[in-house]
>>> print(open('entry-v1.cif').read())   # mmCIF, C-alpha atoms
data_structure
#
loop_
_atom_site.group_PDB
_atom_site.id
_atom_site.type_symbol
_atom_site.label_atom_id
_atom_site.label_comp_id
_atom_site.auth_asym_id
_atom_site.auth_seq_id
_atom_site.Cartn_x
_atom_site.Cartn_y
_atom_site.Cartn_z
ATOM 1 C CA VAL Y 1 -0.372 3.977 -15.325
ATOM 2 C CA LEU Y 2 -4.144 4.149 -15.201
ATOM 3 C CA ARG Y 3 -4.351 2.174 -18.434
ATOM 4 C CA ASP Y 4 -2.230 -0.546 -16.814
ATOM 5 C CA VAL Y 5 -4.406 -0.511 -13.697
ATOM 6 C CA ILE Y 6 -7.675 -1.008 -15.558
ATOM 7 C CA ALA Y 7 -6.428 -3.122 -18.486
ATOM 8 C CA ASP Y 8 -7.425 -6.403 -16.867
ATOM 9 C CA GLU Y 9 -10.491 -5.128 -15.038
ATOM 10 C CA THR Y 10 -13.919 -6.326 -16.074
ATOM 11 C CA ASP Y 11 -17.100 -4.285 -15.940
ATOM 12 C CA ALA Y 12 -17.964 -6.187 -12.770
ATOM 13 C CA ASP Y 13 -14.620 -5.176 -11.232
ATOM 14 C CA LEU Y 14 -15.188 -1.518 -12.061
ATOM 15 C CA LEU Y 15 -18.755 -1.613 -10.745
ATOM 16 C CA ARG Y 16 -17.734 -3.326 -7.490
ATOM 17 C CA ARG Y 17 -18.661 -1.141 -4.571
ATOM 18 C CA CYS Y 18 -16.228 -0.406 -1.788
ATOM 19 C CA THR Y 19 -16.299 1.769 1.300
ATOM 20 C CA ARG Y 20 -14.526 5.054 0.828
ATOM 21 C CA ASN Y 21 -12.593 6.653 3.620
ATOM 22 C CA PRO Y 22 -14.705 9.651 4.490
ATOM 23 C CA ALA Y 23 -13.308 13.035 5.416
ATOM 24 C CA ARG Y 24 -14.252 14.315 8.828
ATOM 25 C CA GLY Y 25 -17.890 15.351 8.871
ATOM 26 C CA TYR Y 26 -18.892 13.187 5.920
ATOM 27 C CA PRO Y 27 -20.699 9.875 6.253
ATOM 28 C CA GLU Y 28 -19.127 6.611 5.237
ATOM 29 C CA GLU Y 29 -20.544 5.499 1.899
ATOM 30 C CA GLN Y 30 -20.209 2.775 -0.691
ATOM 31 C CA VAL Y 31 -18.890 3.892 -4.089
ATOM 32 C CA PRO Y 32 -18.047 1.974 -7.279
ATOM 33 C CA VAL Y 33 -14.379 1.435 -8.102
ATOM 34 C CA PHE Y 34 -14.703 3.360 -11.388
ATOM 35 C CA ARG Y 35 -15.672 6.478 -9.425
ATOM 36 C CA CYS Y 36 -12.479 6.244 -7.380
ATOM 37 C CA LEU Y 37 -10.430 5.857 -10.542
ATOM 38 C CA ARG Y 38 -12.215 8.823 -12.122
ATOM 39 C CA VAL Y 39 -11.301 11.017 -9.143
ATOM 40 C CA ALA Y 40 -7.652 9.933 -9.371
ATOM 41 C CA LEU Y 41 -7.536 10.660 -13.108
ATOM 42 C CA ASN Y 42 -9.195 14.062 -12.709
ATOM 43 C CA GLU Y 43 -6.736 14.990 -9.947
ATOM 44 C CA HIS Y 44 -3.807 13.968 -12.137
ATOM 45 C CA CYS Y 45 -5.086 16.046 -15.067
ATOM 46 C CA GLU Y 46 -5.706 19.119 -12.926
ATOM 47 C CA HIS Y 47 -2.270 18.931 -11.286
ATOM 48 C CA ALA Y 48 -0.617 18.557 -14.687
ATOM 49 C CA ARG Y 49 -2.565 21.520 -16.065
ATOM 50 C CA TYR Y 50 -1.530 23.788 -13.197
ATOM 51 C CA ALA Y 51 2.084 22.604 -13.325
ATOM 52 C CA GLU Y 52 2.317 23.353 -17.043
ATOM 53 C CA ARG Y 53 0.719 26.758 -16.574
ATOM 54 C CA ASP Y 54 3.007 27.652 -13.674
ATOM 55 C CA LEU Y 55 6.122 26.409 -15.472
ATOM 56 C CA THR Y 56 5.230 28.560 -18.473
ATOM 57 C CA VAL Y 57 4.893 31.624 -16.260
ATOM 58 C CA LEU Y 58 8.193 30.912 -14.513
ATOM 59 C CA GLU Y 59 9.976 30.383 -17.839
ATOM 60 C CA GLN Y 60 8.594 33.680 -19.158
ATOM 61 C CA ARG Y 61 9.810 35.502 -16.036
ATOM 62 C CA ALA Y 62 13.261 33.941 -16.339
ATOM 63 C CA SER Y 63 13.657 34.930 -19.982
ATOM 64 C CA GLY Y 64 12.120 38.374 -19.586
#
>>> encode(input="entry-v1.cif", output="structure tokens")
Amino acid sequence: VLRDVIADETDADLLRRCTRNPARGYPEEQVPVFRCLRVALNEHCEHARYAERDLTVLEQRASG
């Protein structure tokens, strides 16, 4: 999905700055689009890693 999202993006598109929605207590700031995409990709990878680890543990418990 990420590949499809960025396939047609230019360097200028990825460097475009946008205002991020700050969490409470954090200031509003301008960040480049590529940074937002990097966060989304990192989150996806971490969730997948934990899911695979937890599924392995559950499968071992079920078979043991």
>>> closest_residue(input="entry-v1.cif", among="Y:Gln30, Y:Cys45, Y:Leu37, Y:Ala51", to="Arg3 in chain Y", atoms="only C-alpha atoms")
Y:Leu37
>>> residues_around(input="entry-v1.cif", residues="Phe34 in chain Y", least_positions_apart="4", cutoff="7 Å", atoms="all atoms listed in the file", output="number ranges by chain")
Y: 14-15, 38
>>> resolve_selection(input="entry-v1.cif", expression="the PyMOL selection byres ((chain Y and resi 18) around 8)", output="list in words")
Arg16, Arg17, Thr19, Arg20, Gln30, Val31, Pro32 and Val33 of chain Y
>>> atom_distance(input="entry-v1.cif", atom1="CA of Asn42 in chain Y", atom2="CA of Val1 in chain Y")
13.7 Å
>>> atom_distance(input="entry-v1.cif", atom1="CA of Asp4 in chain Y", atom2="CA of Leu41 in chain Y")
12.9 Å
>>> atom_distance(input="entry-v1.cif", atom1="CA of Cys36 in chain Y", atom2="CA of Asn21 in chain Y")
11.0 Å
>>> decode(input="entry-v1.cif", residues="range 31-62 of chain Y", atoms="C-alpha atoms", output="PDB file, in the first residue's frame")
ATOM      1  CA  VAL Y  31       6.753  18.407   9.205  1.00  0.00           C
ATOM      2  CA  PRO Y  32       7.644  17.014   5.765  1.00  0.00           C
ATOM      3  CA  VAL Y  33       5.298  14.452   4.233  1.00  0.00           C
ATOM      4  CA  PHE Y  34       8.054  11.807   4.123  1.00  0.00           C
ATOM      5  CA  ARG Y  35       8.314  11.971   7.920  1.00  0.00           C
ATOM      6  CA  CYS Y  36       4.611  11.199   8.258  1.00  0.00           C
ATOM      7  CA  LEU Y  37       4.960   8.266   5.886  1.00  0.00           C
ATOM      8  CA  ARG Y  38       7.996   7.010   7.806  1.00  0.00           C
ATOM      9  CA  VAL Y  39       5.998   7.009  11.051  1.00  0.00           C
ATOM     10  CA  ALA Y  40       3.162   5.075   9.390  1.00  0.00           C
ATOM     11  CA  LEU Y  41       5.579   2.497   7.971  1.00  0.00           C
ATOM     12  CA  ASN Y  42       7.396   2.068  11.289  1.00  0.00           C
ATOM     13  CA  GLU Y  43       4.075   1.589  13.099  1.00  0.00           C
ATOM     14  CA  HIS Y  44       3.010  -1.033  10.567  1.00  0.00           C
ATOM     15  CA  CYS Y  45       6.293  -2.936  10.942  1.00  0.00           C
ATOM     16  CA  GLU Y  46       6.172  -2.872  14.736  1.00  0.00           C
ATOM     17  CA  HIS Y  47       2.551  -4.057  14.853  1.00  0.00           C
ATOM     18  CA  ALA Y  48       3.347  -6.876  12.433  1.00  0.00           C
ATOM     19  CA  ARG Y  49       6.377  -7.910  14.487  1.00  0.00           C
ATOM     20  CA  TYR Y  50       4.376  -8.091  17.712  1.00  0.00           C
ATOM     21  CA  ALA Y  51       1.480  -9.894  16.029  1.00  0.00           C
ATOM     22  CA  GLU Y  52       3.804 -12.549  14.618  1.00  0.00           C
ATOM     23  CA  ARG Y  53       5.532 -12.977  17.965  1.00  0.00           C
ATOM     24  CA  ASP Y  54       2.244 -13.250  19.851  1.00  0.00           C
ATOM     25  CA  LEU Y  55       0.744 -15.656  17.313  1.00  0.00           C
ATOM     26  CA  THR Y  56       3.801 -17.886  17.642  1.00  0.00           C
ATOM     27  CA  VAL Y  57       3.422 -17.960  21.417  1.00  0.00           C
ATOM     28  CA  LEU Y  58      -0.292 -18.729  21.182  1.00  0.00           C
ATOM     29  CA  GLU Y  59       0.322 -21.511  18.651  1.00  0.00           C
ATOM     30  CA  GLN Y  60       2.977 -23.046  20.914  1.00  0.00           C
ATOM     31  CA  ARG Y  61       0.574 -22.972  23.875  1.00  0.00           C
ATOM     32  CA  ALA Y  62      -2.185 -24.578  21.814  1.00  0.00           C
TER      33      ALA Y  62
END
